[in-house]
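**Q** Supplied structure: model.cif, mmCIF, C-alpha atoms.
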data_structure
#
loop_
_atom_site.group_PDB
_atom_site.id
_atom_site.type_symbol
_atom_site.label_atom_id
_atom_site.label_comp_id
_atom_site.auth_asym_id
_atom_site.auth_seq_id
_atom_site.Cartn_x
_atom_site.Cartn_y
_atom_site.Cartn_z
ATOM 1 C CA ASP A 660 -119.582 52.146 2.635
ATOM 2 C CA GLU A 661 -117.370 49.519 4.141
ATOM 3 C CA PRO A 662 -115.836 46.915 1.814
ATOM 4 C CA GLN A 663 -117.563 43.556 2.024
ATOM 5 C CA GLN A 664 -115.524 40.630 3.276
ATOM 6 C CA SER A 665 -115.867 37.301 1.581
ATOM 7 C CA ASP A 666 -116.229 34.055 3.524
ATOM 8 C CA ALA A 667 -114.414 32.161 0.715
ATOM 9 C CA PRO A 668 -110.978 30.841 1.704
ATOM 10 C CA ALA A 669 -107.994 32.643 0.261
ATOM 11 C CA GLN A 670 -106.417 30.790 -2.629
ATOM 12 C CA VAL A 671 -102.832 29.686 -2.147
ATOM 13 C CA ALA A 672 -100.566 29.126 -5.110
ATOM 14 C CA PRO A 673 -99.470 25.495 -5.405
ATOM 15 C CA ALA A 674 -95.885 24.718 -4.450
ATOM 16 C CA PRO A 675 -93.664 24.360 -7.511
ATOM 17 C CA VAL A 676 -92.986 20.774 -8.486
ATOM 18 C CA GLN A 677 -89.297 20.013 -8.414
ATOM 19 C CA ALA A 678 -88.175 18.292 -11.601
ATOM 20 C CA MET A 679 -86.454 14.951 -11.213
ATOM 21 C CA PRO A 680 -82.760 15.103 -12.153
ATOM 22 C CA ASP A 681 -82.092 13.744 -15.608
ATOM 23 C CA TRP A 682 -79.647 10.837 -15.351
ATOM 24 C CA ALA A 683 -79.890 9.987 -19.064
ATOM 25 C CA GLY A 684 -76.937 10.490 -21.371
ATOM 26 C CA ALA A 685 -73.245 9.757 -21.713
ATOM 27 C CA TYR A 686 -70.824 9.941 -18.798
ATOM 28 C CA GLY A 687 -67.165 9.259 -18.058
ATOM 29 C CA GLY A 688 -64.974 9.382 -15.006
ATOM 30 C CA LEU A 689 -62.243 8.127 -12.695
ATOM 31 C CA SER A 690 -62.276 5.564 -9.899
ATOM 32 C CA PHE A 691 -60.052 4.600 -6.983
ATOM 33 C CA GLY A 692 -60.548 1.665 -4.651
ATOM 34 C CA THR A 693 -59.387 -1.486 -2.933
ATOM 35 C CA ILE A 694 -59.407 -5.061 -4.215
ATOM 36 C CA ALA A 695 -59.006 -8.398 -2.419
ATOM 37 C CA GLY A 696 -60.048 -11.987 -2.987
ATOM 38 C CA ASP A 697 -59.199 -15.664 -3.201
ATOM 39 C CA LEU A 698 -57.477 -17.870 -5.746
ATOM 40 C CA ASP A 699 -58.194 -21.591 -6.103
ATOM 41 C CA LEU A 700 -55.435 -23.308 -8.069
ATOM 42 C CA ARG A 701 -56.978 -26.636 -8.993
ATOM 43 C CA ASN A 702 -54.896 -29.594 -7.740
ATOM 44 C CA PHE A 703 -52.638 -27.209 -5.852
ATOM 45 C CA GLY A 704 -54.586 -25.303 -3.173
ATOM 46 C CA ASP A 705 -56.500 -22.229 -2.108
ATOM 47 C CA PHE A 706 -54.814 -18.875 -1.550
ATOM 48 C CA THR A 707 -55.841 -15.387 -0.436
ATOM 49 C CA PHE A 708 -54.846 -12.131 -2.067
ATOM 50 C CA GLU A 709 -53.634 -9.295 0.150
ATOM 51 C CA ASP A 710 -55.627 -6.087 -0.107
ATOM 52 C CA GLY A 711 -54.419 -4.100 -3.086
ATOM 53 C CA THR A 712 -55.436 -0.838 -4.696
ATOM 54 C CA MET A 713 -56.895 -0.090 -8.087
ATOM 55 C CA THR A 714 -57.222 3.057 -10.187
ATOM 56 C CA GLY A 715 -59.377 3.224 -13.247
ATOM 57 C CA LEU A 716 -61.318 4.936 -15.992
ATOM 58 C CA PHE A 717 -64.939 4.280 -16.922
ATOM 59 C CA GLY A 718 -67.534 5.484 -19.387
ATOM 60 C CA GLY A 719 -71.066 4.613 -20.336
ATOM 61 C CA TYR A 720 -74.521 5.667 -21.397
ATOM 62 C CA LEU A 721 -77.760 5.707 -19.383
ATOM 63 C CA PHE A 722 -81.428 5.858 -20.359
ATOM 64 C CA GLN A 723 -84.204 6.991 -18.026
ATOM 65 C CA ASN A 724 -87.895 6.086 -17.862
ATOM 66 C CA GLY A 725 -89.506 7.859 -14.903
ATOM 67 C CA SER A 726 -87.490 6.871 -11.847
ATOM 68 C CA TRP A 727 -85.918 3.838 -13.567
ATOM 69 C CA VAL A 728 -82.435 4.288 -15.014
ATOM 70 C CA TYR A 729 -80.627 1.662 -17.116
ATOM 71 C CA GLY A 730 -77.701 1.384 -19.510
ATOM 72 C CA GLY A 731 -74.199 0.032 -20.036
ATOM 73 C CA GLU A 732 -70.673 0.832 -18.908
ATOM 74 C CA LEU A 733 -67.129 -0.103 -19.894
ATOM 75 C CA ALA A 734 -64.415 0.230 -17.211
ATOM 76 C CA PHE A 735 -60.653 -0.287 -17.180
ATOM 77 C CA ALA A 736 -58.618 -0.597 -13.971
ATOM 78 C CA ASN A 737 -54.970 -0.988 -13.061
ATOM 79 C CA VAL A 738 -54.373 -3.142 -9.946
ATOM 80 C CA GLN A 739 -51.371 -2.710 -7.620
ATOM 81 C CA ASP A 740 -49.953 -4.670 -4.642
ATOM 82 C CA ALA A 741 -52.536 -7.493 -4.463
ATOM 83 C CA TRP A 742 -50.069 -10.370 -4.028
ATOM 84 C CA LEU A 743 -50.854 -13.829 -2.696
ATOM 85 C CA VAL A 744 -50.486 -13.901 1.101
ATOM 86 C CA GLY A 745 -47.076 -15.363 1.956
ATOM 87 C CA PHE A 746 -45.880 -15.363 -1.670
ATOM 88 C CA THR A 747 -44.999 -11.782 -2.610
ATOM 89 C CA ASP A 748 -42.717 -13.110 -5.344
ATOM 90 C CA ILE A 749 -45.268 -15.538 -6.814
ATOM 91 C CA ALA A 750 -48.496 -13.961 -8.061
ATOM 92 C CA GLY A 751 -50.483 -10.764 -8.025
ATOM 93 C CA ALA A 752 -54.255 -10.357 -8.336
ATOM 94 C CA GLY A 753 -53.808 -8.519 -11.557
ATOM 95 C CA ASP A 754 -52.223 -5.682 -13.305
ATOM 96 C CA GLN A 755 -55.189 -4.977 -15.564
ATOM 97 C CA MET A 756 -58.945 -5.456 -15.336
ATOM 98 C CA LEU A 757 -61.588 -4.781 -18.005
ATOM 99 C CA ASP A 758 -65.280 -4.784 -17.024
ATOM 100 C CA LEU A 759 -68.333 -4.606 -19.282
ATOM 101 C CA LYS A 760 -71.403 -3.941 -17.115
ATOM 102 C CA GLY A 761 -75.120 -3.633 -17.615
ATOM 103 C CA ARG A 762 -76.660 -1.234 -15.065
ATOM 104 C CA ILE A 763 -80.216 -0.857 -13.794
ATOM 105 C CA GLY A 764 -81.225 1.409 -10.961
ATOM 106 C CA TYR A 765 -83.793 3.593 -9.269
ATOM 107 C CA ALA A 766 -83.426 7.374 -8.993
ATOM 108 C CA ALA A 767 -84.749 9.182 -5.926
ATOM 109 C CA GLY A 768 -83.984 12.842 -6.484
ATOM 110 C CA ASP A 769 -80.226 13.349 -6.585
ATOM 111 C CA VAL A 770 -79.491 9.736 -5.538
ATOM 112 C CA LEU A 771 -79.297 6.759 -7.898
ATOM 113 C CA VAL A 772 -79.109 3.244 -6.411
ATOM 114 C CA TYR A 773 -78.207 0.576 -8.972
ATOM 115 C CA GLY A 774 -77.184 -3.012 -9.565
ATOM 116 C CA VAL A 775 -74.750 -4.305 -12.183
ATOM 117 C CA LEU A 776 -74.286 -7.568 -14.053
ATOM 118 C CA GLY A 777 -71.682 -8.174 -16.718
ATOM 119 C CA TYR A 778 -68.448 -9.725 -17.948
ATOM 120 C CA SER A 779 -64.857 -9.151 -16.781
ATOM 121 C CA MET A 780 -61.431 -9.957 -18.190
ATOM 122 C CA GLY A 781 -58.307 -9.731 -16.083
ATOM 123 C CA SER A 782 -54.769 -10.968 -15.778
ATOM 124 C CA TYR A 783 -52.191 -11.440 -13.071
ATOM 125 C CA ASP A 784 -48.438 -11.831 -13.183
ATOM 126 C CA GLU A 785 -46.694 -14.765 -11.546
ATOM 127 C CA THR A 786 -43.859 -12.502 -10.382
ATOM 128 C CA PRO A 787 -43.586 -8.804 -9.529
ATOM 129 C CA SER A 788 -41.130 -8.379 -12.391
ATOM 130 C CA GLY A 789 -43.726 -9.654 -14.876
ATOM 131 C CA GLY A 790 -43.204 -13.396 -15.353
ATOM 132 C CA ASN A 791 -45.945 -15.550 -16.848
ATOM 133 C CA GLU A 792 -49.251 -13.743 -17.096
ATOM 134 C CA TRP A 793 -52.491 -15.611 -16.468
ATOM 135 C CA ASP A 794 -55.509 -14.382 -18.446
ATOM 136 C CA MET A 795 -58.815 -14.915 -16.660
ATOM 137 C CA ASP A 796 -62.405 -14.008 -17.461
ATOM 138 C CA GLY A 797 -65.912 -14.485 -16.122
ATOM 139 C CA LEU A 798 -69.009 -12.949 -14.569
ATOM 140 C CA ASN A 799 -69.177 -9.694 -12.584
ATOM 141 C CA TYR A 800 -72.026 -8.424 -10.403
ATOM 142 C CA GLY A 801 -72.494 -5.811 -7.713
ATOM 143 C CA LEU A 802 -74.227 -2.739 -6.302
ATOM 144 C CA GLY A 803 -73.599 0.985 -6.464
ATOM 145 C CA LEU A 804 -74.830 4.396 -5.393
ATOM 146 C CA ASP A 805 -74.346 7.693 -7.230
ATOM 147 C CA TYR A 806 -75.060 11.196 -5.913
ATOM 148 C CA ARG A 807 -75.712 14.037 -8.342
ATOM 149 C CA VAL A 808 -73.662 17.049 -7.168
ATOM 150 C CA ASN A 809 -74.975 19.225 -10.032
ATOM 151 C CA ASP A 810 -76.108 18.826 -13.663
ATOM 152 C CA ARG A 811 -72.625 17.820 -14.789
ATOM 153 C CA VAL A 812 -70.901 16.069 -11.851
ATOM 154 C CA SER A 813 -71.787 12.986 -9.835
ATOM 155 C CA VAL A 814 -69.862 11.029 -7.205
ATOM 156 C CA GLY A 815 -70.477 7.528 -5.939
ATOM 157 C CA VAL A 816 -69.362 4.211 -4.573
ATOM 158 C CA GLU A 817 -69.501 0.750 -6.182
ATOM 159 C CA TYR A 818 -68.985 -2.765 -4.803
ATOM 160 C CA LEU A 819 -68.173 -5.321 -7.522
ATOM 161 C CA ILE A 820 -67.519 -9.071 -7.367
ATOM 162 C CA ARG A 821 -65.657 -10.771 -10.229
ATOM 163 C CA ASP A 822 -65.759 -14.594 -10.606
ATOM 164 C CA LEU A 823 -62.904 -15.355 -13.001
ATOM 165 C CA GLU A 824 -61.291 -18.533 -14.379
ATOM 166 C CA GLY A 825 -58.243 -19.169 -16.507
ATOM 167 C CA GLU A 826 -55.591 -21.699 -17.516
ATOM 168 C CA ASN A 827 -51.940 -21.658 -16.416
ATOM 169 C CA PRO A 828 -49.746 -20.338 -19.258
ATOM 170 C CA ASP A 829 -46.949 -22.746 -18.208
ATOM 171 C CA GLY A 830 -48.712 -25.470 -20.204
ATOM 172 C CA PHE A 831 -49.216 -27.856 -17.270
ATOM 173 C CA GLY A 832 -52.995 -27.936 -17.781
ATOM 174 C CA GLN A 833 -53.587 -26.318 -14.399
ATOM 175 C CA THR A 834 -56.608 -24.048 -14.096
ATOM 176 C CA GLY A 835 -57.348 -21.380 -11.549
ATOM 177 C CA ALA A 836 -60.512 -19.691 -10.309
ATOM 178 C CA ALA A 837 -60.415 -16.308 -8.585
ATOM 179 C CA GLU A 838 -63.056 -14.299 -6.776
ATOM 180 C CA LEU A 839 -61.988 -10.679 -6.659
ATOM 181 C CA ASP A 840 -64.021 -8.149 -4.657
ATOM 182 C CA SER A 841 -63.503 -4.418 -5.123
ATOM 183 C CA LEU A 842 -64.889 -1.316 -3.433
ATOM 184 C CA SER A 843 -64.369 1.866 -5.447
ATOM 185 C CA LEU A 844 -65.014 5.568 -5.070
ATOM 186 C CA ARG A 845 -66.087 7.122 -8.370
ATOM 187 C CA ALA A 846 -66.341 10.625 -9.804
ATOM 188 C CA ALA A 847 -68.082 11.182 -13.131
ATOM 189 C CA PHE A 848 -68.659 14.002 -15.594
ATOM 190 C CA ASN A 849 -72.090 13.810 -17.262
ATOM 191 C CA PHE A 850 -72.220 15.011 -20.876
#
What would the structure in this file look like if it were written as structure tokens?
**A**
Amino acid sequence: DEPQQSDAPAQVAPAPVQAMPDWAGAYGGLSFGTIAGDLDLRNFGDFTFEDGTMTGLFGGYLFQNGSWVYGGELAFANVQDAWLVGFTDIAGAGDQMLDLKGRIGYAAGDVLVYGVLGYSMGSYDETPSGGNEWDMDGLNYGLGLDYRVNDRVSVGVEYLIRDLEGENPDGFGQTGAAELDSLSLRAAFNF
């Protein structure tokens, strides 16, 4: 006897479903970038900061609900060489910057696109040798993109705008408003 052949189609095993990367949890890392902007000294004039560099540390915690990822981050940066154009002995864009940011984003596989909104505090010195230091604070907002290299490491880029205001420490009642824009490369370790 010959074996009977069936007309039923052969069953194919379904393709395995790839699990979405888990972005939830604590993370910390390092950043390096550029910073530039403008300074409006009320009753004195508008000035532009030369492009400077900034190095920093950051850490935060993220939650995930499906593809949506949200959480908070605290970042500290040290700013170098961002002096007012034409006045290298007058004022720098800052020697320290502290950012508290709320983050919300959308994960598509190993890529996370996010927006930030938060509060920043910064200061700048009136002279390179550390004369009077202006303290400024205000709103920050921006966009970022992270790429998950593996379960523990991610790299990314973030563009952040800081709208800061502060009063002159000389006691003349002069106030200043600065818009500082930064573009940073980031590397994080996910716990």
**Q** Using the chain letters and residue numbers of this document, give as a ChimeraX atom specification the residues selected by the PyMOL selection byres ((chain A and resi 816) around 6).
**A** /A:803-804,815,817,843-845
**Q** Between CA of Gly718 (chain A) and CA of Phe850 (chain A), what is the spacing in Å?
**A** 10.7 Å
**Q** Tell me, in Å to one decimal, how far CA of Ile763 (chain A) is from CA of Gly711 (chain A).
**A**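 CA of Ile763 (chain A) sits 28.1 Å away from CA of Gly711 (chain A).
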**Q** Please provide the set of residues having any atom within 6 Å of region 835-840 of chain A, restricted to all atoms listed in the file, with same-chain residues fewer than 4 positions apart removed, written as a ChimeraX atom specification.
**A** /A:694-701,819-825
**Q** Keeping C-alpha atoms for every residue in the selection just given, could you write it to a file as a PDB file, in the coordinates of the input?
**A**
ATOM      1  CA  ILE A 694     -59.407  -5.061  -4.215  1.00  0.00           C
ATOM      2  CA  ALA A 695     -59.006  -8.398  -2.419  1.00  0.00           C
ATOM      3  CA  GLY A 696     -60.048 -11.987  -2.987  1.00  0.00           C
ATOM      4  CA  ASP A 697     -59.199 -15.664  -3.201  1.00  0.00           C
ATOM      5  CA  LEU A 698     -57.477 -17.870  -5.746  1.00  0.00           C
ATOM      6  CA  ASP A 699     -58.194 -21.591  -6.103  1.00  0.00           C
ATOM      7  CA  LEU A 700     -55.435 -23.308  -8.069  1.00  0.00           C
ATOM      8  CA  ARG A 701     -56.978 -26.636  -8.993  1.00  0.00           C
ATOM      9  CA  LEU A 819     -68.173  -5.321  -7.522  1.00  0.00           C
ATOM     10  CA  ILE A 820     -67.519  -9.071  -7.367  1.00  0.00           C
ATOM     11  CA  ARG A 821     -65.657 -10.771 -10.229  1.00  0.00           C
ATOM     12  CA  ASP A 822     -65.759 -14.594 -10.606  1.00  0.00           C
ATOM     13  CA  LEU A 823     -62.904 -15.355 -13.001  1.00  0.00           C
ATOM     14  CA  GLU A 824     -61.291 -18.533 -14.379  1.00  0.00           C
ATOM     15  CA  GLY A 825     -58.243 -19.169 -16.507  1.00  0.00           C
TER      16      GLY A 825
END
**Q** Give as number ranges by chain the residues that the PyMOL selection byres ((chain A and resi 794) around 9) matches when applied to the coordinates above.
**A** A: 780-783, 792-793, 795-796, 824-828
**Q** Restricted to C-alpha atoms, what would the selected residues look like written as an mmCIF file, in the frame of the given file?
**A**
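File written: again06.cif
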data_model
loop_
_atom_site.group_PDB
_atom_site.id
_atom_site.type_symbol
_atom_site.label_atom_id
_atom_site.label_comp_id
_atom_site.auth_asym_id
_atom_site.auth_seq_id
_atom_site.Cartn_x
_atom_site.Cartn_y
_atom_site.Cartn_z
ATOM 1 C CA MET A 780 -61.431 -9.957 -18.190
ATOM 2 C CA GLY A 781 -58.307 -9.731 -16.083
ATOM 3 C CA SER A 782 -54.769 -10.968 -15.778
ATOM 4 C CA TYR A 783 -52.191 -11.440 -13.071
ATOM 5 C CA GLU A 792 -49.251 -13.743 -17.096
ATOM 6 C CA TRP A 793 -52.491 -15.611 -16.468
ATOM 7 C CA MET A 795 -58.815 -14.915 -16.660
ATOM 8 C CA ASP A 796 -62.405 -14.008 -17.461
ATOM 9 C CA GLU A 824 -61.291 -18.533 -14.379
ATOM 10 C CA GLY A 825 -58.243 -19.169 -16.507
ATOM 11 C CA GLU A 826 -55.591 -21.699 -17.516
ATOM 12 C CA ASN A 827 -51.940 -21.658 -16.416
ATOM 13 C CA PRO A 828 -49.746 -20.338 -19.258
#
**Q** Write out as a PyMOL selection string which residues come within 12 Å of Arg811 (chain A) when counting all atoms listed in the file, dropping same-chain ones fewer than 5 positions away.
**A** chain A and resi 680-688+806+846-850
**Q** As an exercise, work out the distance from CA of Ala741 (chain A) to CA of Ser813 (chain A) in Å and give it to one decimal place.
**A**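 Result for CA of Ala741 (chain A) versus CA of Ser813 (chain A): 28.6 Å, one decimal.
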**Q** How would you write, as a list of chain:residue names, the residues chosen by the PyMOL selection byres ((chain A and resi 712-715) around 9) on this structure?
**A**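 Evaluating the PyMOL selection byres ((chain A and resi 712-715) around 9) on this file yields A:Gly688, A:Leu689, A:Ser690, A:Phe691, A:Gly692, A:Thr693, A:Ile694, A:Ala695, A:Asp710, A:Gly711, A:Leu716, A:Phe717, A:Ala734, A:Phe735, A:Ala736, A:Asn737, A:Val738, A:Gln739, A:Asp740, A:Ala741, A:Asp754, A:Met756, A:Ser841, A:Ser843.
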**Q** Using only C-alpha atoms, which residue out of A:Leu798, A:Ala767, A:Val775, A:Val808 lies closest to Gly725 (chain A)?
**A**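 Closest candidate: A:Ala767.
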**Q** Between A:Gln755, A:Asp805, A:Phe706, A:Leu771, which has the minimum distance to Gln723 (chain A) (counting all atoms listed in the file)?
**A**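 Of A:Gln755, A:Asp805, A:Phe706, A:Leu771, the one nearest Gln723 (chain A) is A:Leu771, counting all atoms listed in the file.
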**Q** What lies within 6 Å of Leu802 (chain A) using only C-alpha atoms, ignoring chain neighbours under 3 positions off, as a list of chain:residue names?
**A** A:Tyr773, A:Gly774, A:Glu817, A:Tyr818
**Q** Pick out the residues sitting within 7 Å of Tyr778 (chain A), and hand them over as a list of chain:residue names; count all atoms listed in the file, and ignore anything fewer than 2 positions along from it in its own chain.
**A**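 So, after excluding close chain neighbours, the residues are A:Asp758, A:Leu759, A:Lys760, A:Gly797, A:Leu798, A:Asn799.
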**Q** Produce the centre coordinates and the three edge lengths, each in Å to one decimal, of the box along x, y and z that contains all listed atoms of region 687-693 of chain A with 8 Å added on each side, as AutoDock Vina command-line options.
**A**
--center_x -63.3 --center_y 3.9 --center_z -10.5 --size_x 23.8 --size_y 26.9 --size_z 31.1
**Q** May I ask which of the residues A:Thr707, A:Ala766, A:Gly761, A:Val812 is the closest one to Gly731 (chain A), counting all atoms listed in the file?
**A**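 Under the stated criterion, the closest residue is A:Gly761.
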